[in-house]
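First comes the structure, then the notes that go with it.
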Amino acid sequence: MRKVVGIGIIAFSSFFGLACAIAFHHETVVATIMLGLIGLPLYISGQIIRTSKYEFKQQGRRWIGIYLFFFFILPLLIYLNELYSDLKETTFIDEQYIIYEPSSGMLGELSMGGFVILISLFGARFLNPDLKRKGLLNSIILGTVIILIGFNYLMFSDYRGIHEEKGLISSNWKGKKQLISYDEIESVYLEPYVHYASLSNTSDDTRFVWTLTFQPSHQKEVIYAFSLLTESGLEETIAIKNLALENNIHFNIREMNQETFQFFNEGLEYEELEKERYYELFQVTSK
């Protein structure tokens, strides 16, 4: 009976911790206080009731580390990353942008790689409190935090987007902007295809995706990729199509083959999206 009660308290404290983690983005201070005053003490009590004071002394640091990582450290890192992204977007982007991306190229995307590495390092630290050479790991974490802060500071001006009036805008990390007006764009290609899952990435899956390729008259083509079937992606693509027509730009739609159409339909059904508008955009009919 004691074990069952302990497990029940642990389950409740975990749900409470999850609620605090979700609320972390909106009520950071309150969520942190509630987690520290209610969630964590309940979790510790549940572990002691489930086992014993002696076993908690042996395993307590590990159990507490697991709880803090998932319900405090991980939400905190995600919150800080989103806070940086929101600050960057509100600084440079106005309501007339149809599409905005926080990086203009591969260099800017390294920030996300650094963020994943930082999460992995914190996971190794908090999920393995008995790990040897913790001082070295702490130094690596601190160094990674400093490097990531410095890198994000340098890359703050790096972004790109599609503006309703100005055209294609790209800004590098130095803040130097490149503008391609709609008068300079000869054509836009909408290309649907099947993205095949990477064998090295277990979280990847085979799915329907599409790209929009802008072909300027005297510059390199610019590609925007849509990796998921979403309502926002549909609206953005329709808005770009309408802009192309308004500016007398050729808007070409590549025809789907049977396999692509199958994944297209399956994706629409799985996401419970409105088929008619997607069919109209991609110029397909039921096959």
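Ligands are numbered from 1 in the order shown, chains are lettered A, B, ... in the order of the structure tokens, and residues start at 1 in each chain.
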- request: Write out as number ranges by chain each polymer residue whose atoms come within 9 Å of segment 56-62 of chain A, counting only C-alpha atoms; drop sequence neighbours fewer than 5 positions from it.
  value: A: 44, 47-48, 51, 67, 126-130
How would the residues just chosen look if you wrote them out with all heavy atoms as a compact mmCIF listing (two decimals), in the first residue's frame?
# COMPACT_ATOMS: atom_id res chain seq x y z
N ILE A 44 9.64 14.45 -4.09
CA ILE A 44 10.58 13.89 -3.11
C ILE A 44 9.83 13.04 -2.09
O ILE A 44 10.27 11.92 -1.76
CB ILE A 44 11.38 15.02 -2.42
CG1 ILE A 44 12.30 15.71 -3.42
CG2 ILE A 44 12.18 14.46 -1.24
CD1 ILE A 44 13.00 16.94 -2.88
N GLN A 47 8.82 9.73 -3.63
CA GLN A 47 9.94 8.80 -3.77
C GLN A 47 10.31 8.17 -2.42
O GLN A 47 10.62 6.97 -2.35
CB GLN A 47 11.16 9.52 -4.37
CG GLN A 47 11.01 9.93 -5.82
CD GLN A 47 11.05 8.75 -6.79
OE1 GLN A 47 11.02 7.59 -6.39
NE2 GLN A 47 11.12 9.06 -8.08
N ILE A 48 10.28 8.96 -1.37
CA ILE A 48 10.60 8.43 -0.03
C ILE A 48 9.54 7.42 0.41
O ILE A 48 9.86 6.35 0.94
CB ILE A 48 10.71 9.57 0.99
CG1 ILE A 48 11.93 10.45 0.67
CG2 ILE A 48 10.83 9.02 2.42
CD1 ILE A 48 12.06 11.68 1.54
N THR A 51 9.89 4.17 -1.61
CA THR A 51 11.07 3.36 -1.29
C THR A 51 11.36 3.44 0.21
O THR A 51 10.70 2.79 1.00
CB THR A 51 12.28 3.84 -2.10
OG1 THR A 51 12.49 5.26 -1.86
CG2 THR A 51 12.06 3.64 -3.60
N TYR A 67 13.80 14.97 -12.43
CA TYR A 67 12.62 15.83 -12.30
C TYR A 67 12.95 17.26 -12.72
O TYR A 67 12.20 17.88 -13.49
CB TYR A 67 12.14 15.80 -10.85
CG TYR A 67 10.80 16.46 -10.63
CD1 TYR A 67 9.62 15.77 -10.81
CD2 TYR A 67 10.72 17.80 -10.23
CE1 TYR A 67 8.39 16.38 -10.61
CE2 TYR A 67 9.50 18.42 -10.03
CZ TYR A 67 8.32 17.71 -10.23
OH TYR A 67 7.11 18.31 -10.04
N PHE A 126 22.29 16.34 -15.64
CA PHE A 126 21.22 16.18 -14.65
C PHE A 126 20.69 14.74 -14.60
O PHE A 126 20.18 14.33 -13.55
CB PHE A 126 20.08 17.14 -14.95
CG PHE A 126 20.33 18.53 -14.44
CD1 PHE A 126 21.07 19.43 -15.18
CD2 PHE A 126 19.82 18.94 -13.22
CE1 PHE A 126 21.31 20.71 -14.71
CE2 PHE A 126 20.06 20.21 -12.74
CZ PHE A 126 20.81 21.10 -13.48
N LEU A 127 20.77 14.02 -15.68
CA LEU A 127 20.26 12.65 -15.68
C LEU A 127 21.29 11.65 -15.19
O LEU A 127 20.95 10.48 -14.95
CB LEU A 127 19.79 12.26 -17.10
CG LEU A 127 18.69 13.15 -17.70
CD1 LEU A 127 18.29 12.65 -19.08
CD2 LEU A 127 17.47 13.21 -16.78
N ASN A 128 22.53 12.10 -15.04
CA ASN A 128 23.59 11.22 -14.54
C ASN A 128 24.39 11.95 -13.45
O ASN A 128 25.55 12.32 -13.67
CB ASN A 128 24.53 10.79 -15.68
CG ASN A 128 23.80 10.02 -16.75
OD1 ASN A 128 23.52 8.84 -16.61
ND2 ASN A 128 23.49 10.70 -17.85
N PRO A 129 23.79 12.17 -12.29
CA PRO A 129 24.48 12.94 -11.25
C PRO A 129 25.73 12.25 -10.70
O PRO A 129 26.58 12.91 -10.11
CB PRO A 129 23.41 13.08 -10.16
CG PRO A 129 22.48 11.94 -10.38
CD PRO A 129 22.44 11.73 -11.87
N ASP A 130 25.82 10.94 -10.87
CA ASP A 130 26.98 10.21 -10.37
C ASP A 130 28.10 10.10 -11.41
O ASP A 130 29.05 9.35 -11.23
CB ASP A 130 26.57 8.80 -9.92
CG ASP A 130 25.57 8.84 -8.76
OD1 ASP A 130 25.72 9.75 -7.91
OD2 ASP A 130 24.67 8.00 -8.72
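When DSSP reads the backbone of this structure, the residues of segment 216-255 of chain A it assigns to helix (DSSP H, G or I) are Glu231, Ser232, Gly233, Leu234, Glu235, Glu236, Thr237, Ile238, Ala239, Ile240, Lys241, Asn242, Leu243, Ala244, Leu245 and Glu246 of chain A.
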Close residues, Leu74 of chain A itself excluded, 9 Å, only C-alpha atoms, min 5 positions apart in chain, as a PyMOL selection string: chain A and resi 21+68-69+79+119+122-123
Residues of segment 109-194 of chain A within 12 Å of segment 226-247 of chain A: nearest atom pair and distance (Å, one decimal) for each, counting only C-alpha atoms, sorted by chain and number, as a Markdown table?
| residue | atom | partner | partner_atom | distance |
| --- | --- | --- | --- | --- |
| A:Gly161 | CA | A:Glu236 | CA | 11.5 |
| A:Ile162 | CA | A:Ile240 | CA | 8.6 |
| A:His163 | CA | A:Ile240 | CA | 9.7 |
| A:Glu164 | CA | A:Leu243 | CA | 7.4 |
| A:Glu165 | CA | A:Leu243 | CA | 9.1 |
| A:Lys166 | CA | A:Leu243 | CA | 11.2 |
| A:Gly167 | CA | A:Leu243 | CA | 9.6 |
| A:Leu168 | CA | A:Ile240 | CA | 11.0 |
| A:Ser181 | CA | A:Asn247 | CA | 10.3 |
| A:Tyr182 | CA | A:Asn247 | CA | 6.7 |
| A:Asp183 | CA | A:Asn247 | CA | 7.4 |
| A:Glu184 | CA | A:Asn247 | CA | 10.4 |
| A:Ile185 | CA | A:Ala244 | CA | 9.0 |
| A:Glu186 | CA | A:Ala244 | CA | 9.6 |
| A:Ser187 | CA | A:Ala244 | CA | 8.1 |
| A:Val188 | CA | A:Ala244 | CA | 7.5 |
| A:Tyr189 | CA | A:Lys241 | CA | 9.8 |
| A:Leu190 | CA | A:Thr237 | CA | 8.7 |
| A:Glu191 | CA | A:Phe226 | CA | 10.2 |
| A:Pro192 | CA | A:Phe226 | CA | 9.5 |
| A:Tyr193 | CA | A:Ser227 | CA | 10.4 |
| A:Val194 | CA | A:Ser227 | CA | 10.0 |
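For the set A:Ser103, A:Gly143, A:Thr285, A:Met1, the residue with the smallest atom-to-atom gap to Met256 of chain A is A:Thr285, counting only C-alpha atoms.
For segment 94-146 of chain A, backbone-based DSSP labels the following residues as strand (DSSP E or B): Tyr97, Ile98, Ile99, Tyr100 and Glu101 of chain A.
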Any chance you could export the current selection's N, CA and C atoms as an mmCIF file, in the first residue's frame?
data_model
loop_
_atom_site.group_PDB
_atom_site.id
_atom_site.type_symbol
_atom_site.label_atom_id
_atom_site.label_comp_id
_atom_site.auth_asym_id
_atom_site.auth_seq_id
_atom_site.Cartn_x
_atom_site.Cartn_y
_atom_site.Cartn_z
ATOM 1 N N TYR A 97 5.062 41.100 -43.861
ATOM 2 C CA TYR A 97 5.837 39.926 -44.248
ATOM 3 C C TYR A 97 4.897 38.727 -44.367
ATOM 4 N N ILE A 98 4.954 38.055 -45.504
ATOM 5 C CA ILE A 98 4.161 36.844 -45.694
ATOM 6 C C ILE A 98 4.877 35.661 -45.048
ATOM 7 N N ILE A 99 6.177 35.600 -45.251
ATOM 8 C CA ILE A 99 7.003 34.532 -44.680
ATOM 9 C C ILE A 99 8.211 35.157 -44.003
ATOM 10 N N TYR A 100 8.568 34.634 -42.859
ATOM 11 C CA TYR A 100 9.778 35.060 -42.158
ATOM 12 C C TYR A 100 10.535 33.822 -41.691
ATOM 13 N N GLU A 101 11.836 33.813 -41.910
ATOM 14 C CA GLU A 101 12.692 32.744 -41.412
ATOM 15 C C GLU A 101 13.842 33.368 -40.634
#
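Each of A:Gly6, A:Tyr270, A:Trp173, A:Ile22 was compared to Ile78 of chain A using only C-alpha atoms, and A:Ile22 turns out to be the nearest.
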query: If you count only C-alpha atoms, which residues fall within 12 Å of Ile117 of chain A, apart from same-chain ones fewer than 5 positions away, as an MDAnalysis selection string?
result: chainID A and resid 77 110:112 122:124 140:141 143:145 147:148
Saved selection, atoms kept: all heavy atoms, as a compact mmCIF listing (two decimals), in the first residue's frame:
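Produced file again_33.txt, reproduced below:
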# COMPACT_ATOMS: atom_id res chain seq x y z
N LEU A 77 15.33 26.29 -21.08
CA LEU A 77 16.12 26.41 -22.31
C LEU A 77 15.23 26.72 -23.51
O LEU A 77 15.55 27.57 -24.34
CB LEU A 77 16.93 25.14 -22.55
CG LEU A 77 18.04 24.83 -21.54
CD1 LEU A 77 18.68 23.49 -21.85
CD2 LEU A 77 19.09 25.93 -21.53
N LEU A 110 23.10 27.06 -37.63
CA LEU A 110 23.97 26.45 -36.63
C LEU A 110 23.49 26.75 -35.21
O LEU A 110 23.82 26.01 -34.28
CB LEU A 110 25.41 26.96 -36.81
CG LEU A 110 26.17 26.47 -38.05
CD1 LEU A 110 27.54 27.14 -38.12
CD2 LEU A 110 26.32 24.96 -38.01
N SER A 111 22.74 27.81 -35.05
CA SER A 111 22.22 28.17 -33.74
C SER A 111 21.34 27.06 -33.19
O SER A 111 21.43 26.73 -32.00
CB SER A 111 21.42 29.47 -33.82
OG SER A 111 20.84 29.79 -32.59
N MET A 112 20.50 26.47 -34.02
CA MET A 112 19.65 25.38 -33.57
C MET A 112 20.48 24.15 -33.22
O MET A 112 20.18 23.45 -32.23
CB MET A 112 18.63 25.03 -34.66
CG MET A 112 17.67 23.91 -34.28
SD MET A 112 16.78 24.23 -32.72
CE MET A 112 15.78 25.65 -33.21
N PHE A 122 23.14 19.35 -20.85
CA PHE A 122 22.39 19.47 -19.60
C PHE A 122 21.75 18.13 -19.23
O PHE A 122 21.67 17.78 -18.04
CB PHE A 122 21.31 20.55 -19.72
CG PHE A 122 21.78 21.91 -19.32
CD1 PHE A 122 22.04 22.88 -20.29
CD2 PHE A 122 21.98 22.23 -17.99
CE1 PHE A 122 22.47 24.15 -19.91
CE2 PHE A 122 22.41 23.49 -17.61
CZ PHE A 122 22.67 24.45 -18.57
N GLY A 123 21.27 17.40 -20.24
CA GLY A 123 20.70 16.09 -19.98
C GLY A 123 21.72 15.14 -19.38
O GLY A 123 21.44 14.42 -18.42
N ALA A 124 22.93 15.15 -19.94
CA ALA A 124 23.99 14.29 -19.42
C ALA A 124 24.34 14.67 -17.99
O ALA A 124 24.65 13.81 -17.16
CB ALA A 124 25.22 14.41 -20.31
N ILE A 140 32.36 22.37 -19.77
CA ILE A 140 31.92 22.27 -21.17
C ILE A 140 30.57 22.95 -21.34
O ILE A 140 30.34 23.67 -22.32
CB ILE A 140 31.86 20.79 -21.61
CG1 ILE A 140 33.26 20.18 -21.64
CG2 ILE A 140 31.20 20.68 -22.98
CD1 ILE A 140 33.27 18.69 -21.92
N ILE A 141 29.67 22.73 -20.38
CA ILE A 141 28.34 23.37 -20.44
C ILE A 141 28.49 24.88 -20.39
O ILE A 141 27.87 25.61 -21.19
CB ILE A 141 27.44 22.87 -19.29
CG1 ILE A 141 27.07 21.40 -19.49
CG2 ILE A 141 26.18 23.73 -19.19
CD1 ILE A 141 26.30 20.80 -18.34
N GLY A 143 31.09 26.69 -21.17
CA GLY A 143 31.71 27.14 -22.42
C GLY A 143 30.72 27.16 -23.57
O GLY A 143 30.70 28.09 -24.38
N THR A 144 29.87 26.12 -23.63
CA THR A 144 28.86 26.06 -24.69
C THR A 144 27.86 27.19 -24.56
O THR A 144 27.44 27.80 -25.56
CB THR A 144 28.11 24.71 -24.64
OG1 THR A 144 29.06 23.63 -24.73
CG2 THR A 144 27.11 24.59 -25.78
N VAL A 145 27.44 27.50 -23.32
CA VAL A 145 26.51 28.61 -23.08
C VAL A 145 27.12 29.93 -23.55
O VAL A 145 26.46 30.73 -24.24
CB VAL A 145 26.14 28.70 -21.59
CG1 VAL A 145 25.38 29.99 -21.30
CG2 VAL A 145 25.29 27.50 -21.18
N ILE A 147 29.59 30.41 -25.74
CA ILE A 147 29.74 30.41 -27.20
C ILE A 147 28.40 30.64 -27.89
O ILE A 147 28.29 31.41 -28.85
CB ILE A 147 30.36 29.07 -27.67
CG1 ILE A 147 31.82 28.98 -27.22
CG2 ILE A 147 30.28 28.95 -29.20
CD1 ILE A 147 32.45 27.63 -27.47
N LEU A 148 27.35 29.98 -27.37
CA LEU A 148 26.02 30.11 -27.98
C LEU A 148 25.48 31.52 -27.83
O LEU A 148 24.87 32.06 -28.76
CB LEU A 148 25.06 29.10 -27.33
CG LEU A 148 23.78 28.77 -28.09
CD1 LEU A 148 24.09 28.28 -29.50
CD2 LEU A 148 22.97 27.72 -27.34
task: Would you kindly return, as a list in words, each protein, DNA or RNA residue with an atom no farther than 9 Å from any atom of Leu18 of chain A, considering only C-alpha atoms and excluding same-chain residues fewer than 4 positions away?
output: Ser13, Ser14, Ile22, Ala23, Phe70 and Phe71 of chain A
Limited to C-alpha atoms, could you put the picked residues into a file as a PDB file, in the first residue's frame?
ATOM      1  CA  SER A  13       3.811  15.692  -8.917  1.00  0.00           C
ATOM      2  CA  SER A  14       4.818  14.790 -12.479  1.00  0.00           C
ATOM      3  CA  ILE A  22       3.639  24.426 -19.996  1.00  0.00           C
ATOM      4  CA  ALA A  23       2.876  27.601 -17.999  1.00  0.00           C
ATOM      5  CA  PHE A  70      12.345  17.658 -17.588  1.00  0.00           C
ATOM      6  CA  PHE A  71      10.222  20.175 -15.698  1.00  0.00           C
TER       7      PHE A  71
END
field: Surrounding residues of His26 of chain A excluding itself and chain neighbours under 3 positions, 12 Å, only C-alpha atoms, as a ChimeraX atom specification
entry: /A:19-23,29-32,75-76,79,82-83
Would you write out those residues with all heavy atoms, as a short mmCIF file (atom, residue, chain, number, x, y, z; two decimals), in the first residue's frame?
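Contents of selection08.cif, as written:
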data_model
loop_
_atom_site.label_atom_id
_atom_site.label_comp_id
_atom_site.auth_asym_id
_atom_site.auth_seq_id
_atom_site.Cartn_x
_atom_site.Cartn_y
_atom_site.Cartn_z
N ALA A 19 2.43 20.72 -15.91
CA ALA A 19 1.61 21.93 -15.97
C ALA A 19 2.46 23.18 -15.76
O ALA A 19 2.29 24.19 -16.45
CB ALA A 19 0.50 21.86 -14.91
N CYS A 20 3.41 23.09 -14.83
CA CYS A 20 4.32 24.23 -14.60
C CYS A 20 5.20 24.48 -15.82
O CYS A 20 5.47 25.61 -16.19
CB CYS A 20 5.20 23.96 -13.37
SG CYS A 20 4.31 24.00 -11.80
N ALA A 21 5.65 23.38 -16.46
CA ALA A 21 6.50 23.50 -17.65
C ALA A 21 5.75 24.18 -18.79
O ALA A 21 6.29 25.01 -19.52
CB ALA A 21 7.00 22.12 -18.08
N ILE A 22 4.46 23.82 -18.95
CA ILE A 22 3.64 24.43 -20.00
C ILE A 22 3.39 25.90 -19.70
O ILE A 22 3.42 26.75 -20.59
CB ILE A 22 2.31 23.67 -20.13
CG1 ILE A 22 2.57 22.24 -20.63
CG2 ILE A 22 1.35 24.40 -21.08
CD1 ILE A 22 1.34 21.35 -20.64
N ALA A 23 3.15 26.21 -18.40
CA ALA A 23 2.88 27.60 -18.00
C ALA A 23 4.14 28.45 -17.96
O ALA A 23 4.05 29.68 -17.82
CB ALA A 23 2.20 27.62 -16.63
N VAL A 29 7.97 33.25 -13.52
CA VAL A 29 8.28 33.33 -12.09
C VAL A 29 7.31 32.49 -11.28
O VAL A 29 7.73 31.72 -10.39
CB VAL A 29 8.23 34.80 -11.62
CG1 VAL A 29 8.46 34.89 -10.11
CG2 VAL A 29 9.29 35.63 -12.36
N VAL A 30 6.01 32.60 -11.57
CA VAL A 30 5.00 31.85 -10.83
C VAL A 30 5.20 30.36 -11.01
O VAL A 30 5.14 29.58 -10.04
CB VAL A 30 3.58 32.26 -11.28
CG1 VAL A 30 2.53 31.38 -10.61
CG2 VAL A 30 3.32 33.72 -10.96
N ALA A 31 5.45 29.93 -12.26
CA ALA A 31 5.65 28.51 -12.53
C ALA A 31 6.87 27.97 -11.79
O ALA A 31 6.85 26.85 -11.26
CB ALA A 31 5.79 28.28 -14.04
N THR A 32 7.94 28.75 -11.75
CA THR A 32 9.16 28.32 -11.06
C THR A 32 8.91 28.19 -9.55
O THR A 32 9.34 27.20 -8.93
CB THR A 32 10.29 29.34 -11.30
OG1 THR A 32 10.53 29.44 -12.71
CG2 THR A 32 11.56 28.89 -10.62
N PRO A 75 12.30 23.20 -20.02
CA PRO A 75 11.40 24.33 -20.32
C PRO A 75 12.12 25.67 -20.31
O PRO A 75 11.81 26.56 -21.11
CB PRO A 75 10.35 24.25 -19.20
CG PRO A 75 10.36 22.84 -18.75
CD PRO A 75 11.79 22.39 -18.90
N LEU A 76 13.10 25.83 -19.39
CA LEU A 76 13.85 27.09 -19.32
C LEU A 76 14.65 27.32 -20.60
O LEU A 76 14.64 28.43 -21.16
CB LEU A 76 14.78 27.07 -18.12
CG LEU A 76 15.71 28.29 -17.97
CD1 LEU A 76 14.89 29.57 -17.80
CD2 LEU A 76 16.68 28.10 -16.81
N TYR A 79 12.28 28.13 -23.42
CA TYR A 79 11.75 29.47 -23.22
C TYR A 79 12.77 30.53 -23.66
O TYR A 79 12.41 31.49 -24.36
CB TYR A 79 11.38 29.67 -21.75
CG TYR A 79 11.06 31.09 -21.39
CD1 TYR A 79 9.87 31.69 -21.80
CD2 TYR A 79 11.95 31.85 -20.63
CE1 TYR A 79 9.56 32.99 -21.46
CE2 TYR A 79 11.65 33.16 -20.29
CZ TYR A 79 10.46 33.73 -20.71
OH TYR A 79 10.18 35.03 -20.39
N GLU A 82 13.03 30.60 -27.45
CA GLU A 82 11.87 31.25 -28.07
C GLU A 82 11.86 32.75 -27.79
O GLU A 82 11.43 33.53 -28.63
CB GLU A 82 10.59 30.60 -27.54
CG GLU A 82 10.38 29.17 -28.04
CD GLU A 82 9.07 28.58 -27.58
OE1 GLU A 82 8.37 29.25 -26.78
OE2 GLU A 82 8.74 27.46 -28.01
N LEU A 83 12.34 33.13 -26.60
CA LEU A 83 12.42 34.55 -26.27
C LEU A 83 13.36 35.28 -27.21
O LEU A 83 13.06 36.38 -27.69
CB LEU A 83 12.89 34.71 -24.82
CG LEU A 83 12.87 36.12 -24.23
CD1 LEU A 83 11.43 36.63 -24.14
CD2 LEU A 83 13.54 36.15 -22.86
#
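If you measure from each of A:Phe156, A:Phe115, A:Phe208, A:Tyr43 to Gly267 of chain A using only C-alpha atoms, the closest one turns out to be A:Phe208.
For the set A:Ser45, A:Glu276, A:Val284, A:Asp204, the residue with the smallest atom-to-atom gap to Gln258 of chain A is A:Val284, counting only C-alpha atoms.
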- line: One decimal place gives the atom CA of Met34 of chain A-atom CA of Tyr54 of chain A separation as 27.3 Å
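Computed from the coordinates, the atom CA of Leu107 of chain A to atom CA of Lys88 of chain A distance equals 16.2 Å.
A straight line drawn from atom CA of Gly39 of chain A to atom CA of Ile66 of chain A is 13.1 Å long.
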